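**Q** Quick one, data-v5.txt (compact mmCIF, N, CA and C atoms):
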```
# COMPACT_ATOMS: atom_id res chain seq x y z
N MET X 1 25.29 32.43 -38.19
CA MET X 1 25.75 33.60 -37.47
C MET X 1 26.94 33.19 -36.59
N ARG X 2 27.97 34.04 -36.61
CA ARG X 2 29.17 33.74 -35.83
C ARG X 2 29.15 34.40 -34.46
N ARG X 3 28.85 35.72 -34.44
CA ARG X 3 28.83 36.45 -33.18
C ARG X 3 27.70 37.47 -33.21
N SER X 4 27.26 37.89 -32.02
CA SER X 4 26.25 38.95 -31.94
C SER X 4 26.34 39.60 -30.57
N GLY X 5 25.70 40.75 -30.43
CA GLY X 5 25.72 41.42 -29.15
C GLY X 5 24.94 42.72 -29.20
N LEU X 6 25.04 43.47 -28.11
CA LEU X 6 24.39 44.77 -28.00
C LEU X 6 25.47 45.82 -27.82
N LEU X 7 25.39 46.88 -28.62
CA LEU X 7 26.36 47.97 -28.59
C LEU X 7 25.73 49.16 -27.88
N PRO X 8 26.30 49.60 -26.73
CA PRO X 8 25.76 50.78 -26.06
C PRO X 8 25.97 52.03 -26.92
N VAL X 9 24.93 52.83 -27.09
CA VAL X 9 25.02 54.04 -27.92
C VAL X 9 24.67 55.30 -27.15
N GLY X 10 24.59 55.21 -25.84
CA GLY X 10 24.32 56.36 -25.00
C GLY X 10 22.86 56.49 -24.60
N GLY X 11 22.64 57.21 -23.53
CA GLY X 11 21.28 57.45 -23.08
C GLY X 11 20.53 56.20 -22.66
N GLY X 12 21.27 55.15 -22.30
CA GLY X 12 20.63 53.90 -21.91
C GLY X 12 20.15 53.06 -23.08
N HIS X 13 20.48 53.45 -24.31
CA HIS X 13 20.04 52.73 -25.52
C HIS X 13 21.14 51.80 -26.01
N THR X 14 20.74 50.75 -26.69
CA THR X 14 21.67 49.81 -27.31
C THR X 14 21.22 49.51 -28.74
N VAL X 15 22.17 49.07 -29.56
CA VAL X 15 21.89 48.64 -30.93
C VAL X 15 22.36 47.19 -31.05
N TYR X 16 21.49 46.34 -31.56
CA TYR X 16 21.85 44.94 -31.79
C TYR X 16 22.75 44.84 -33.02
N TRP X 17 23.77 44.00 -32.94
CA TRP X 17 24.66 43.76 -34.09
C TRP X 17 24.91 42.27 -34.17
N GLU X 18 25.29 41.82 -35.37
CA GLU X 18 25.69 40.43 -35.55
C GLU X 18 26.68 40.32 -36.69
N GLU X 19 27.46 39.25 -36.68
CA GLU X 19 28.48 39.00 -37.69
C GLU X 19 28.26 37.61 -38.26
N SER X 20 28.34 37.49 -39.58
CA SER X 20 28.19 36.22 -40.28
C SER X 20 29.32 36.09 -41.29
N GLY X 21 29.46 34.92 -41.86
CA GLY X 21 30.44 34.71 -42.92
C GLY X 21 31.76 34.21 -42.39
N THR X 22 32.79 34.42 -43.19
CA THR X 22 34.11 33.89 -42.87
C THR X 22 35.00 34.98 -42.26
N GLU X 23 35.79 34.62 -41.28
CA GLU X 23 36.68 35.56 -40.58
C GLU X 23 37.60 36.32 -41.52
N ALA X 24 38.13 35.65 -42.54
CA ALA X 24 39.09 36.27 -43.46
C ALA X 24 38.41 36.90 -44.68
N GLY X 25 37.08 36.96 -44.68
CA GLY X 25 36.35 37.47 -45.84
C GLY X 25 36.44 38.97 -46.02
N VAL X 26 35.98 39.41 -47.18
CA VAL X 26 35.90 40.83 -47.50
C VAL X 26 34.84 41.45 -46.58
N PRO X 27 35.18 42.52 -45.84
CA PRO X 27 34.20 43.12 -44.93
C PRO X 27 33.02 43.74 -45.67
N ALA X 28 31.83 43.51 -45.17
CA ALA X 28 30.61 44.11 -45.71
C ALA X 28 29.71 44.46 -44.53
N LEU X 29 29.01 45.58 -44.61
CA LEU X 29 28.12 46.01 -43.54
C LEU X 29 26.71 46.16 -44.10
N TYR X 30 25.74 45.53 -43.46
CA TYR X 30 24.35 45.59 -43.87
C TYR X 30 23.58 46.41 -42.85
N LEU X 31 23.06 47.56 -43.26
CA LEU X 31 22.27 48.42 -42.39
C LEU X 31 20.81 48.28 -42.76
N HIS X 32 19.93 48.33 -41.75
CA HIS X 32 18.51 48.23 -42.05
C HIS X 32 17.72 49.18 -41.17
N GLY X 33 16.40 49.14 -41.26
CA GLY X 33 15.44 50.04 -40.64
C GLY X 33 15.73 50.54 -39.24
N GLY X 34 14.85 51.40 -38.78
CA GLY X 34 15.01 52.09 -37.52
C GLY X 34 14.59 51.29 -36.31
N PRO X 35 14.32 52.00 -35.21
CA PRO X 35 14.00 51.35 -33.93
C PRO X 35 12.90 50.31 -34.07
N GLY X 36 13.17 49.15 -33.52
CA GLY X 36 12.20 48.07 -33.56
C GLY X 36 12.16 47.33 -34.88
N GLY X 37 12.98 47.75 -35.84
CA GLY X 37 13.02 47.06 -37.13
C GLY X 37 13.56 45.65 -36.97
N THR X 38 13.14 44.76 -37.82
CA THR X 38 13.60 43.37 -37.75
C THR X 38 13.86 42.85 -39.15
N LEU X 39 14.69 41.85 -39.23
CA LEU X 39 14.97 41.20 -40.51
C LEU X 39 14.42 39.79 -40.53
N GLY X 40 13.58 39.47 -39.57
CA GLY X 40 12.91 38.17 -39.56
C GLY X 40 13.89 37.02 -39.43
N THR X 41 13.83 36.10 -40.37
CA THR X 41 14.61 34.87 -40.30
C THR X 41 16.03 35.01 -40.82
N GLY X 42 16.44 36.20 -41.23
CA GLY X 42 17.80 36.40 -41.71
C GLY X 42 17.99 36.12 -43.18
N SER X 43 16.91 36.21 -43.98
CA SER X 43 17.02 35.91 -45.41
C SER X 43 17.95 36.88 -46.13
N TYR X 44 18.24 38.04 -45.51
CA TYR X 44 19.17 38.99 -46.14
C TYR X 44 20.55 38.36 -46.37
N ARG X 45 20.92 37.36 -45.59
CA ARG X 45 22.23 36.71 -45.75
C ARG X 45 22.38 36.06 -47.12
N ARG X 46 21.27 35.65 -47.73
CA ARG X 46 21.33 35.00 -49.05
C ARG X 46 21.81 35.94 -50.14
N LYS X 47 21.83 37.24 -49.87
CA LYS X 47 22.30 38.21 -50.85
C LYS X 47 23.83 38.24 -50.92
N PHE X 48 24.48 37.55 -50.01
CA PHE X 48 25.94 37.56 -49.92
C PHE X 48 26.50 36.15 -50.01
N ASP X 49 27.71 36.02 -50.55
CA ASP X 49 28.42 34.74 -50.55
C ASP X 49 29.21 34.66 -49.25
N LEU X 50 28.66 33.98 -48.25
CA LEU X 50 29.26 33.95 -46.92
C LEU X 50 30.56 33.14 -46.87
N ASP X 51 30.93 32.51 -47.98
CA ASP X 51 32.24 31.84 -48.05
C ASP X 51 33.35 32.84 -48.37
N THR X 52 32.97 34.02 -48.86
CA THR X 52 33.97 35.01 -49.24
C THR X 52 33.81 36.35 -48.53
N VAL X 53 32.72 36.51 -47.76
CA VAL X 53 32.41 37.80 -47.14
C VAL X 53 32.35 37.65 -45.62
N ARG X 54 32.79 38.68 -44.93
CA ARG X 54 32.61 38.81 -43.49
C ARG X 54 31.54 39.88 -43.31
N LEU X 55 30.33 39.47 -42.99
CA LEU X 55 29.16 40.34 -43.01
C LEU X 55 28.81 40.81 -41.60
N GLY X 56 28.71 42.11 -41.45
CA GLY X 56 28.23 42.69 -40.21
C GLY X 56 26.85 43.28 -40.44
N ARG X 57 25.99 43.12 -39.47
CA ARG X 57 24.65 43.68 -39.57
C ARG X 57 24.39 44.55 -38.36
N VAL X 58 23.87 45.75 -38.61
CA VAL X 58 23.50 46.67 -37.53
C VAL X 58 22.09 47.11 -37.78
```
Would you kindly transcribe this structure into structure tokens?

**A**
Amino acid sequence: MRRSGLLPVGGGHTVYWEESGTEAGVPALYLHGGPGGTLGTGSYRRKFDLDTVRLGRV
């Protein structure tokens, strides 16, 4: 993982985001479940070639 943070979305709520892969890679966005959802250990990253993709997760 390269960067991560919390994005304010109003009403005192935030959404966690993170970025993986290479800075110059093809942009890709991975969206997943609703409030309280988790992706565990990050195995979803294996679905992408992080040498060629700049992956954002929300």

**Q** To one decimal place in Å, what is the distance between atom N of Leu29 (chain X) and atom N of Val58 (chain X)?

**A** 7.9 Å

**Q** Tell me, in Å to one decimal, how far atom N of Arg45 (chain X) is from atom N of Gly25 (chain X).

**A**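 Distance between the two atoms: 16.2 Å.
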
**Q** Region 4-20 of chain X: which residues within 9 Å, counting only C-alpha atoms, same-chain residues fewer than 3 positions away excluded, as a compact mmCIF listing (two decimals) with N, CA and C atoms, in the coordinates of the input?

**A**
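What ended up in around14.txt:
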```
# COMPACT_ATOMS: atom_id res chain seq x y z
N MET X 1 25.29 32.43 -38.19
CA MET X 1 25.75 33.60 -37.47
C MET X 1 26.94 33.19 -36.59
N GLU X 23 35.79 34.62 -41.28
CA GLU X 23 36.68 35.56 -40.58
C GLU X 23 37.60 36.32 -41.52
N PRO X 35 14.32 52.00 -35.21
CA PRO X 35 14.00 51.35 -33.93
C PRO X 35 12.90 50.31 -34.07
N ARG X 45 20.92 37.36 -45.59
CA ARG X 45 22.23 36.71 -45.75
C ARG X 45 22.38 36.06 -47.12
N LEU X 50 28.66 33.98 -48.25
CA LEU X 50 29.26 33.95 -46.92
C LEU X 50 30.56 33.14 -46.87
N VAL X 53 32.72 36.51 -47.76
CA VAL X 53 32.41 37.80 -47.14
C VAL X 53 32.35 37.65 -45.62
N ARG X 54 32.79 38.68 -44.93
CA ARG X 54 32.61 38.81 -43.49
C ARG X 54 31.54 39.88 -43.31
N LEU X 55 30.33 39.47 -42.99
CA LEU X 55 29.16 40.34 -43.01
C LEU X 55 28.81 40.81 -41.60
N GLY X 56 28.71 42.11 -41.45
CA GLY X 56 28.23 42.69 -40.21
C GLY X 56 26.85 43.28 -40.44
N ARG X 57 25.99 43.12 -39.47
CA ARG X 57 24.65 43.68 -39.57
C ARG X 57 24.39 44.55 -38.36
N VAL X 58 23.87 45.75 -38.61
CA VAL X 58 23.50 46.67 -37.53
C VAL X 58 22.09 47.11 -37.78
```

**Q** I need the residues in chain X that are helix (DSSP H, G or I) according to DSSP; give them as a short mmCIF file (atom, residue, chain, number, x, y, z; two decimals) with N, CA and C atoms, in the coordinates of the input.

**A**
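File produced: result35.cif:
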```cif
data_model
loop_
_atom_site.label_atom_id
_atom_site.label_comp_id
_atom_site.auth_asym_id
_atom_site.auth_seq_id
_atom_site.Cartn_x
_atom_site.Cartn_y
_atom_site.Cartn_z
N SER X 43 16.91 36.21 -43.98
CA SER X 43 17.02 35.91 -45.41
C SER X 43 17.95 36.88 -46.13
N TYR X 44 18.24 38.04 -45.51
CA TYR X 44 19.17 38.99 -46.14
C TYR X 44 20.55 38.36 -46.37
N ARG X 45 20.92 37.36 -45.59
CA ARG X 45 22.23 36.71 -45.75
C ARG X 45 22.38 36.06 -47.12
N ARG X 46 21.27 35.65 -47.73
CA ARG X 46 21.33 35.00 -49.05
C ARG X 46 21.81 35.94 -50.14
N LYS X 47 21.83 37.24 -49.87
CA LYS X 47 22.30 38.21 -50.85
C LYS X 47 23.83 38.24 -50.92
#
```

**Q** Hey, can you check how far atom C of His32 (chain X) sits from atom N of Asp51 (chain X)?

**A** 22.3 Å

**Q** I need the residues of chain X that end up classed as strand (DSSP E) by DSSP on the backbone, written out as a list in words.

**A**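 The strand (DSSP E) subset of chain X is Arg3, Ser4, Gly5, Leu6, Leu7, Pro8, Val9, Gly10, His13, Thr14, Val15, Tyr16, Trp17, Glu18, Glu19, Ser20, Gly21, Val26, Pro27, Ala28, Leu29, Tyr30, Val53, Arg54, Leu55, Gly56 and Arg57 of chain X.
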